[in-house]
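See below for my_file_31.pdb, which holds PDB, C-alpha atoms, pLDDT in the B column.
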```
ATOM      1  CA  MET A   1      94.534  80.422  36.329  1.00 50.00           C
ATOM      2  CA  ARG A   2      95.486  77.748  33.850  1.00 64.00           C
ATOM      3  CA  ASN A   3      92.112  76.000  33.509  1.00 66.00           C
ATOM      4  CA  GLY A   4      93.362  73.538  30.910  1.00 76.00           C
ATOM      5  CA  LEU A   5      95.943  72.287  33.401  1.00 82.00           C
ATOM      6  CA  LYS A   6      93.342  72.224  36.169  1.00 78.00           C
ATOM      7  CA  ASP A   7      91.381  69.600  34.231  1.00 77.00           C
ATOM      8  CA  LEU A   8      94.357  67.215  34.149  1.00 81.00           C
ATOM      9  CA  ALA A   9      94.771  64.800  37.047  1.00 68.00           C
ATOM     10  CA  ALA A  10      97.524  65.667  39.486  1.00 71.00           C
ATOM     11  CA  ASP A  11     100.556  63.430  39.823  1.00 70.00           C
ATOM     12  CA  LYS A  12     100.058  61.799  36.411  1.00 85.00           C
ATOM     13  CA  ARG A  13     102.425  62.349  33.511  1.00 92.00           C
ATOM     14  CA  TYR A  14     101.348  64.074  30.289  1.00 95.00           C
ATOM     15  CA  ASP A  15     103.000  65.053  27.016  1.00 96.00           C
ATOM     16  CA  PHE A  16     103.019  68.764  26.099  1.00 96.00           C
ATOM     17  CA  VAL A  17     104.243  70.966  23.258  1.00 97.00           C
ATOM     18  CA  GLY A  18     104.870  74.685  23.712  1.00 97.00           C
ATOM     19  CA  LYS A  19     106.400  77.535  21.711  1.00 97.00           C
ATOM     20  CA  PHE A  20     109.597  78.825  23.308  1.00 97.00           C
ATOM     21  CA  THR A  21     109.403  82.581  23.828  1.00 96.00           C
ATOM     22  CA  ARG A  22     112.085  83.667  26.259  1.00 96.00           C
ATOM     23  CA  LEU A  23     114.180  82.854  29.295  1.00 97.00           C
ATOM     24  CA  GLY A  24     113.818  84.349  32.742  1.00 96.00           C
ATOM     25  CA  TYR A  25     114.800  83.874  36.350  1.00 95.00           C
ATOM     26  CA  ALA A  26     113.019  83.652  39.671  1.00 93.00           C
ATOM     27  CA  GLU A  27     114.252  84.099  43.205  1.00 90.00           C
ATOM     28  CA  ALA A  28     114.366  80.852  45.161  1.00 86.00           C
ATOM     29  CA  TYR A  29     115.415  79.793  48.642  1.00 86.00           C
ATOM     30  CA  ASN A  30     116.717  76.688  50.328  1.00 86.00           C
ATOM     31  CA  ASP A  31     118.198  76.155  53.753  1.00 90.00           C
ATOM     32  CA  GLU A  32     121.660  75.277  52.432  1.00 87.00           C
ATOM     33  CA  ALA A  33     122.178  77.999  49.822  1.00 80.00           C
ATOM     34  CA  GLY A  34     119.890  80.707  51.162  1.00 87.00           C
ATOM     35  CA  TYR A  35     118.457  82.990  48.472  1.00 89.00           C
ATOM     36  CA  TYR A  36     119.567  82.404  44.894  1.00 89.00           C
ATOM     37  CA  TYR A  37     118.269  82.820  41.357  1.00 93.00           C
ATOM     38  CA  GLN A  38     116.750  79.959  39.408  1.00 94.00           C
ATOM     39  CA  PRO A  39     116.537  80.044  35.595  1.00 97.00           C
ATOM     40  CA  THR A  40     113.123  79.658  33.948  1.00 97.00           C
ATOM     41  CA  ILE A  41     111.648  79.221  30.472  1.00 97.00           C
ATOM     42  CA  LEU A  42     108.449  80.767  29.116  1.00 97.00           C
ATOM     43  CA  PHE A  43     106.364  78.687  26.719  1.00 97.00           C
ATOM     44  CA  LEU A  44     103.326  80.085  24.903  1.00 97.00           C
ATOM     45  CA  ASP A  45     100.431  78.308  23.217  1.00 96.00           C
ATOM     46  CA  VAL A  46     100.834  75.045  25.132  1.00 96.00           C
ATOM     47  CA  HIS A  47      98.995  71.926  23.874  1.00 96.00           C
ATOM     48  CA  ASP A  48      98.784  68.400  25.227  1.00 93.00           C
ATOM     49  CA  GLY A  49     100.006  65.331  23.364  1.00 91.00           C
ATOM     50  CA  GLN A  50      96.671  65.025  21.510  1.00 92.00           C
ATOM     51  CA  GLY A  51      96.863  68.613  20.233  1.00 93.00           C
ATOM     52  CA  ASN A  52      94.301  70.033  22.687  1.00 93.00           C
ATOM     53  CA  PHE A  53      94.961  73.598  23.847  1.00 94.00           C
ATOM     54  CA  VAL A  54      95.972  73.607  27.530  1.00 93.00           C
ATOM     55  CA  THR A  55      97.139  77.142  28.394  1.00 93.00           C
ATOM     56  CA  ASP A  56      98.249  80.363  26.736  1.00 94.00           C
ATOM     57  CA  HIS A  57     101.509  80.380  28.710  1.00 95.00           C
ATOM     58  CA  VAL A  58     103.478  78.521  31.346  1.00 95.00           C
ATOM     59  CA  TRP A  59     106.807  79.152  33.059  1.00 95.00           C
ATOM     60  CA  VAL A  60     108.916  76.071  33.834  1.00 96.00           C
ATOM     61  CA  HIS A  61     112.300  75.585  35.467  1.00 95.00           C
ATOM     62  CA  TYR A  62     115.225  75.641  33.032  1.00 97.00           C
ATOM     63  CA  THR A  63     116.628  72.217  33.921  1.00 95.00           C
ATOM     64  CA  GLU A  64     119.041  69.704  32.424  1.00 95.00           C
ATOM     65  CA  PRO A  65     116.608  68.196  29.893  1.00 95.00           C
ATOM     66  CA  PHE A  66     116.206  71.661  28.299  1.00 96.00           C
ATOM     67  CA  ILE A  67     119.927  72.435  28.581  1.00 95.00           C
ATOM     68  CA  LYS A  68     120.667  69.370  26.437  1.00 93.00           C
ATOM     69  CA  LEU A  69     118.865  71.088  23.524  1.00 93.00           C
ATOM     70  CA  ASN A  70     121.603  73.742  23.511  1.00 93.00           C
ATOM     71  CA  GLN A  71     120.548  77.326  22.826  1.00 94.00           C
ATOM     72  CA  LEU A  72     116.809  77.800  22.302  1.00 95.00           C
ATOM     73  CA  GLU A  73     115.513  80.386  19.867  1.00 93.00           C
ATOM     74  CA  GLU A  74     112.210  82.223  19.843  1.00 94.00           C
ATOM     75  CA  GLY A  75     109.590  80.164  18.036  1.00 94.00           C
ATOM     76  CA  ASP A  76     111.164  76.761  18.725  1.00 95.00           C
ATOM     77  CA  LEU A  77     108.470  74.158  19.344  1.00 96.00           C
ATOM     78  CA  VAL A  78     109.515  72.066  22.318  1.00 97.00           C
ATOM     79  CA  GLY A  79     107.910  68.819  23.390  1.00 97.00           C
ATOM     80  CA  PHE A  80     108.232  67.412  26.897  1.00 97.00           C
ATOM     81  CA  ASN A  81     106.616  65.122  29.433  1.00 97.00           C
ATOM     82  CA  ALA A  82     105.622  66.565  32.822  1.00 95.00           C
ATOM     83  CA  GLU A  83     103.429  66.259  35.894  1.00 93.00           C
ATOM     84  CA  VAL A  84     100.779  68.845  36.770  1.00 91.00           C
ATOM     85  CA  HIS A  85     100.911  70.229  40.315  1.00 87.00           C
ATOM     86  CA  SER A  86      98.767  72.846  42.007  1.00 85.00           C
ATOM     87  CA  TYR A  87     100.183  75.657  44.143  1.00 85.00           C
ATOM     88  CA  LYS A  88      99.005  78.830  45.887  1.00 85.00           C
ATOM     89  CA  LYS A  89     100.067  82.225  44.584  1.00 84.00           C
ATOM     90  CA  GLY A  90      99.353  85.729  45.771  1.00 80.00           C
ATOM     91  CA  ALA A  91      99.380  87.249  49.226  1.00 79.00           C
ATOM     92  CA  GLY A  92      97.128  87.041  52.271  1.00 80.00           C
ATOM     93  CA  ILE A  93      93.442  86.642  51.465  1.00 81.00           C
ATOM     94  CA  ASN A  94      94.162  87.140  47.754  1.00 83.00           C
ATOM     95  CA  LYS A  95      95.779  83.718  47.374  1.00 86.00           C
ATOM     96  CA  VAL A  96      94.509  81.654  44.473  1.00 87.00           C
ATOM     97  CA  THR A  97      95.233  78.165  43.261  1.00 85.00           C
ATOM     98  CA  ASP A  98      97.173  77.863  40.033  1.00 85.00           C
ATOM     99  CA  TYR A  99      98.866  75.003  38.205  1.00 86.00           C
ATOM    100  CA  GLU A 100     102.418  74.331  37.070  1.00 89.00           C
ATOM    101  CA  LEU A 101     104.361  71.718  35.130  1.00 92.00           C
ATOM    102  CA  VAL A 102     107.102  69.914  37.072  1.00 92.00           C
ATOM    103  CA  GLU A 103     109.314  66.821  36.923  1.00 94.00           C
ATOM    104  CA  ILE A 104     109.994  67.468  33.249  1.00 95.00           C
ATOM    105  CA  LYS A 105     111.674  64.818  31.089  1.00 96.00           C
ATOM    106  CA  ASP A 106     111.802  63.556  27.484  1.00 96.00           C
ATOM    107  CA  VAL A 107     112.456  67.038  26.087  1.00 96.00           C
ATOM    108  CA  VAL A 108     112.789  67.396  22.297  1.00 94.00           C
ATOM    109  CA  ARG A 109     112.868  70.279  19.854  1.00 93.00           C
ATOM    110  CA  LYS A 110     110.014  69.507  17.435  1.00 91.00           C
ATOM    111  CA  ASN A 111     110.552  71.933  14.553  1.00 85.00           C
ATOM    112  CA  ASN A 112     114.334  72.215  14.345  1.00 74.00           C
ATOM    113  CA  ASN A 113     116.602  69.637  15.934  1.00 69.00           C
ATOM    114  CA  ASP A 114     119.822  71.494  15.073  1.00 70.00           C
ATOM    115  CA  GLN A 115     122.344  70.144  17.608  1.00 70.00           C
ATOM    116  CA  SER A 116     125.036  72.495  16.274  1.00 84.00           C
ATOM    117  CA  ARG A 117     123.517  75.417  18.177  1.00 90.00           C
ATOM    118  CA  PRO A 118     125.746  76.928  20.853  1.00 93.00           C
ATOM    119  CA  LYS A 119     125.827  75.085  24.161  1.00 94.00           C
ATOM    120  CA  VAL A 120     124.579  76.688  27.365  1.00 95.00           C
ATOM    121  CA  PRO A 121     126.031  76.243  30.875  1.00 97.00           C
ATOM    122  CA  SER A 122     124.806  73.314  32.938  1.00 95.00           C
ATOM    123  CA  GLU A 123     125.564  74.798  36.372  1.00 95.00           C
ATOM    124  CA  ASN A 124     123.076  77.182  37.949  1.00 94.00           C
ATOM    125  CA  LYS A 125     125.175  80.300  38.463  1.00 95.00           C
ATOM    126  CA  PRO A 126     126.616  80.613  34.925  1.00 97.00           C
ATOM    127  CA  LEU A 127     123.250  79.530  33.447  1.00 97.00           C
ATOM    128  CA  VAL A 128     121.457  82.358  35.278  1.00 97.00           C
ATOM    129  CA  GLY A 129     124.259  84.675  34.127  1.00 97.00           C
ATOM    130  CA  TYR A 130     123.579  83.559  30.553  1.00 97.00           C
ATOM    131  CA  VAL A 131     119.872  84.369  31.028  1.00 97.00           C
ATOM    132  CA  MET A 132     120.717  87.783  32.490  1.00 97.00           C
ATOM    133  CA  GLU A 133     123.110  88.621  29.653  1.00 97.00           C
ATOM    134  CA  ARG A 134     120.698  87.418  26.982  1.00 96.00           C
ATOM    135  CA  ASN A 135     117.953  89.629  28.468  1.00 96.00           C
ATOM    136  CA  ARG A 136     120.157  92.469  29.763  1.00 95.00           C
ATOM    137  CA  ALA A 137     118.476  95.271  27.772  1.00 95.00           C
ATOM    138  CA  PHE A 138     115.004  94.082  28.806  1.00 94.00           C
ATOM    139  CA  TYR A 139     115.986  93.734  32.490  1.00 94.00           C
ATOM    140  CA  GLU A 140     117.702  97.107  32.633  1.00 94.00           C
ATOM    141  CA  LYS A 141     114.715  98.814  31.004  1.00 95.00           C
ATOM    142  CA  ALA A 142     112.356  97.071  33.456  1.00 94.00           C
ATOM    143  CA  GLN A 143     114.745  97.884  36.344  1.00 93.00           C
ATOM    144  CA  ARG A 144     115.213  94.213  37.159  1.00 92.00           C
ATOM    145  CA  ASN A 145     118.405  92.958  38.692  1.00 90.00           C
ATOM    146  CA  VAL A 146     121.332  91.915  36.509  1.00 94.00           C
ATOM    147  CA  ASP A 147     123.597  90.403  39.155  1.00 94.00           C
ATOM    148  CA  GLU A 148     127.263  90.774  38.230  1.00 94.00           C
ATOM    149  CA  GLU A 149     128.201  87.703  40.288  1.00 94.00           C
ATOM    150  CA  TYR A 150     126.044  85.602  37.959  1.00 95.00           C
ATOM    151  CA  THR A 151     127.060  87.359  34.739  1.00 96.00           C
ATOM    152  CA  GLN A 152     130.735  87.012  35.688  1.00 96.00           C
ATOM    153  CA  ALA A 153     130.195  83.279  36.311  1.00 96.00           C
ATOM    154  CA  TYR A 154     128.742  83.055  32.789  1.00 97.00           C
ATOM    155  CA  ASP A 155     131.656  85.045  31.342  1.00 96.00           C
ATOM    156  CA  GLN A 156     134.074  82.732  33.158  1.00 96.00           C
ATOM    157  CA  TRP A 157     132.249  79.696  31.702  1.00 96.00           C
ATOM    158  CA  LEU A 158     132.333  81.279  28.233  1.00 94.00           C
ATOM    159  CA  HIS A 159     136.017  82.353  28.406  1.00 93.00           C
ATOM    160  CA  PRO A 160     137.766  79.994  30.863  1.00 91.00           C
ATOM    161  CA  ASP A 161     141.255  80.880  29.625  1.00 87.00           C
ATOM    162  CA  ASP A 162     140.745  84.506  30.651  1.00 85.00           C
ATOM    163  CA  TYR A 163     140.178  83.350  34.239  1.00 80.00           C
ATOM    164  CA  SER A 164     142.863  80.684  34.567  1.00 73.00           C
ATOM    165  CA  ASP A 165     144.478  82.490  37.526  1.00 66.00           C
ATOM    166  CA  ALA A 166     141.231  83.753  39.080  1.00 61.00           C
ATOM    167  CA  THR A 167     139.212  82.211  41.864  1.00 59.00           C
ATOM    168  CA  SER A 168     136.501  80.084  40.324  1.00 59.00           C
ATOM    169  CA  TYR A 169     132.800  80.529  40.968  1.00 59.00           C
ATOM    170  CA  SER A 170     130.841  77.930  42.862  1.00 59.00           C
ATOM    171  CA  ASP A 171     127.162  77.159  43.118  1.00 55.00           C
ATOM    172  CA  GLU A 172     127.922  75.951  46.627  1.00 54.00           C
ATOM    173  CA  ASP A 173     129.142  79.313  47.948  1.00 51.00           C
ATOM    174  CA  GLU A 174     127.889  79.767  51.482  1.00 48.00           C
ATOM    175  CA  ASP A 175     125.409  82.464  52.408  1.00 53.00           C
ATOM    176  CA  ASP A 176     127.474  85.483  53.444  1.00 54.00           C
ATOM    177  CA  SER A 177     124.579  87.869  54.001  1.00 55.00           C
ATOM    178  CA  GLY A 178     125.244  88.045  57.739  1.00 56.00           C
ATOM    179  CA  LEU A 179     121.511  87.736  58.393  1.00 59.00           C
ATOM    180  CA  ASP A 180     120.240  85.796  61.360  1.00 59.00           C
ATOM    181  CA  PRO A 181     119.327  82.225  60.247  1.00 64.00           C
ATOM    182  CA  ASP A 182     115.934  82.538  62.023  1.00 64.00           C
ATOM    183  CA  LEU A 183     115.208  85.707  60.043  1.00 60.00           C
ATOM    184  CA  LEU A 184     116.199  83.945  56.819  1.00 58.00           C
ATOM    185  CA  ALA A 185     113.816  81.095  57.662  1.00 63.00           C
ATOM    186  CA  LYS A 186     110.974  83.579  58.249  1.00 59.00           C
ATOM    187  CA  LEU A 187     111.756  85.337  54.965  1.00 59.00           C
ATOM    188  CA  LYS A 188     111.739  81.977  53.212  1.00 59.00           C
ATOM    189  CA  GLN A 189     108.344  81.111  54.689  1.00 59.00           C
ATOM    190  CA  PHE A 190     106.973  84.531  53.641  1.00 57.00           C
ATOM    191  CA  SER A 191     108.372  83.996  50.148  1.00 55.00           C
ATOM    192  CA  ASP A 192     106.875  80.515  49.883  1.00 55.00           C
ATOM    193  CA  ASP A 193     103.491  81.731  51.122  1.00 55.00           C
ATOM    194  CA  ASN A 194     103.216  84.925  49.126  1.00 52.00           C
ATOM    195  CA  LEU A 195     105.447  85.093  46.100  1.00 49.00           C
ATOM    196  CA  LYS A 196     104.812  81.930  44.114  1.00 45.00           C
TER     197      LYS A 196
END
```
Would you put the structure from the file into structure tokens?
Amino acid sequence: MRNGLKDLAADKRYDFVGKFTRLGYAEAYNDEAGYYYQPTILFLDVHDGQGNFVTDHVWVHYTEPFIKLNQLEEGDLVGFNAEVHSYKKGAGINKVTDYELVEIKDVVRKNNNDQSRPKVPSENKPLVGYVMERNRAFYEKAQRNVDEEYTQAYDQWLHPDDYSDATSYSDEDEDDSGLDPDLLAKLKQFSDDNLK
């Protein structure tokens, strides 16, 4: 549990600084898109705006304010403003309360504001593909999924001329799993209850 975050009042905004370590992805679900991957960022050694240690690590969603920084590199110090929310994680009777940072804004790179770094995709599918490609060796060694649909969307974003005659990707592709919508809803509820 992130005790330093626990001590901060919920639904208030706070300034934080963390050391960027790596990118990741998490499985998410919504009724429109079904299951999809959501890009994440891992920060270590997180402090509040007054320099007080808050937590050794926190994962946050890789959203537009971070995308505007262009490519992040290990060791970048990143400042941002966020709300603290509690959530339940674990399964069954082993659920515990933990804390996360959400509604992030006012993101800045503190130690190196080099805007000439390579851009990263702003749409979800190619952005997740970028994360998967950047971490491919790690994911393959850990036997985690590297989804070719996402990596191809990233390759298409990176090399659009190579795909000028191809069908484009879309974040709005409909769920074609063929699964019963009621079953998908139950899986979503199980995921929400047990996997966060």
Item checked: Neighbour list for Arg109 (chain A) as a list in words, cut-off 7 Å, only C-alpha atoms, skip fewer than 2 positions in-chain ->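 The contact residues come out as Asp76, Leu77, Val78, Gly79, Asn111, Asn112 and Asn113 of chain A.
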Contacts of region 16-26 of chain A within 8 Å, all atoms listed in the file, excl. fewer than 6 positions in-chain, as a PDB file with C-alpha atoms, in the coordinates of the input:
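Contents of around-v3.pdb, as written:
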```pdb
ATOM      1  CA  TYR A  37     118.269  82.820  41.357  1.00 93.00           C
ATOM      2  CA  GLN A  38     116.750  79.959  39.408  1.00 94.00           C
ATOM      3  CA  PRO A  39     116.537  80.044  35.595  1.00 97.00           C
ATOM      4  CA  THR A  40     113.123  79.658  33.948  1.00 97.00           C
ATOM      5  CA  ILE A  41     111.648  79.221  30.472  1.00 97.00           C
ATOM      6  CA  LEU A  42     108.449  80.767  29.116  1.00 97.00           C
ATOM      7  CA  PHE A  43     106.364  78.687  26.719  1.00 97.00           C
ATOM      8  CA  LEU A  44     103.326  80.085  24.903  1.00 97.00           C
ATOM      9  CA  ASP A  45     100.431  78.308  23.217  1.00 96.00           C
ATOM     10  CA  VAL A  46     100.834  75.045  25.132  1.00 96.00           C
ATOM     11  CA  HIS A  47      98.995  71.926  23.874  1.00 96.00           C
ATOM     12  CA  ASP A  48      98.784  68.400  25.227  1.00 93.00           C
ATOM     13  CA  GLY A  49     100.006  65.331  23.364  1.00 91.00           C
ATOM     14  CA  LEU A  72     116.809  77.800  22.302  1.00 95.00           C
ATOM     15  CA  GLU A  73     115.513  80.386  19.867  1.00 93.00           C
ATOM     16  CA  GLU A  74     112.210  82.223  19.843  1.00 94.00           C
ATOM     17  CA  GLY A  75     109.590  80.164  18.036  1.00 94.00           C
ATOM     18  CA  ASP A  76     111.164  76.761  18.725  1.00 95.00           C
ATOM     19  CA  LEU A  77     108.470  74.158  19.344  1.00 96.00           C
ATOM     20  CA  VAL A  78     109.515  72.066  22.318  1.00 97.00           C
ATOM     21  CA  GLY A  79     107.910  68.819  23.390  1.00 97.00           C
ATOM     22  CA  PHE A  80     108.232  67.412  26.897  1.00 97.00           C
ATOM     23  CA  ASN A  81     106.616  65.122  29.433  1.00 97.00           C
ATOM     24  CA  ALA A  82     105.622  66.565  32.822  1.00 95.00           C
ATOM     25  CA  VAL A 128     121.457  82.358  35.278  1.00 97.00           C
ATOM     26  CA  VAL A 131     119.872  84.369  31.028  1.00 97.00           C
ATOM     27  CA  MET A 132     120.717  87.783  32.490  1.00 97.00           C
ATOM     28  CA  ASN A 135     117.953  89.629  28.468  1.00 96.00           C
TER      29      ASN A 135
END
```
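Residues matched by the PyMOL selection byres ((chain A and resi 86) around 9) in this file: Lys6, Ala10, Val84, His85, Tyr87, Lys88, Thr97, Asp98, Tyr99, Glu100 and Leu101 of chain A.
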Item checked: Residue neighbourhood Glu148 (chain A), 12 Å, all atoms listed in the file, exclusion window fewer than 4 positions, as a list in words -> Lys125, Pro126, Val128, Gly129, Tyr130, Met132, Glu133, Arg136, Gln152, Ala153, Tyr154, Asp155, Gln156 and Tyr169 of chain A
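Coordinates place CA of Ser116 (chain A) at a distance of 28.7 Å from CA of Gly51 (chain A).
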Note to self: Could you check the closest approach to Lys105 (chain A) for each of A:Arg117, A:Asn124, A:Asp56, A:Asp15 and tell me which residue wins, using all atoms listed in the file?
What the structure shows: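 Nearest to Lys105 (chain A): A:Asp15.
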Enclose region 78-96 of chain A, meaning all of its atoms listed in the file, in a box aligned along x, y and z, pad it by 5 Å on each side, and list the centre and edge lengths in Å to one decimal, as lines of an AutoDock Vina configuration file.
```
center_x = 101.5
center_y = 76.2
center_z = 37.3
size_x = 26.1
size_y = 32.1
size_z = 40.0
```
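Interatomic distance, CA of Thr151 (chain A) to CA of Glu123 (chain A): 12.8 Å.
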Notebook entry, point to check: Closest to Phe66 (chain A) among A:Val54, A:Ala91, A:Val120, A:Val107, using all atoms listed in the file?
Noted result: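 That would be A:Val107, the residue with the smallest distance to Phe66 (chain A).
For the residues A:Leu5, A:Asn94, A:Tyr139, A:Tyr36, ranking by smallest atom-to-atom distance to Val58 (chain A) using all atoms listed in the file places A:Leu5 first.
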Check: Hey, can you check how far CA of Pro65 (chain A) sits from CA of Ala28 (chain A)?
Finding: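 CA of Ala28 (chain A) lies at a distance of 20.0 Å from CA of Pro65 (chain A).
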Margin query: Counting all atoms listed in the file, which residue out of A:Trp59, A:Tyr29, A:Trp157, A:Tyr35 sits closest to Leu127 (chain A)?
Written below: A:Trp157
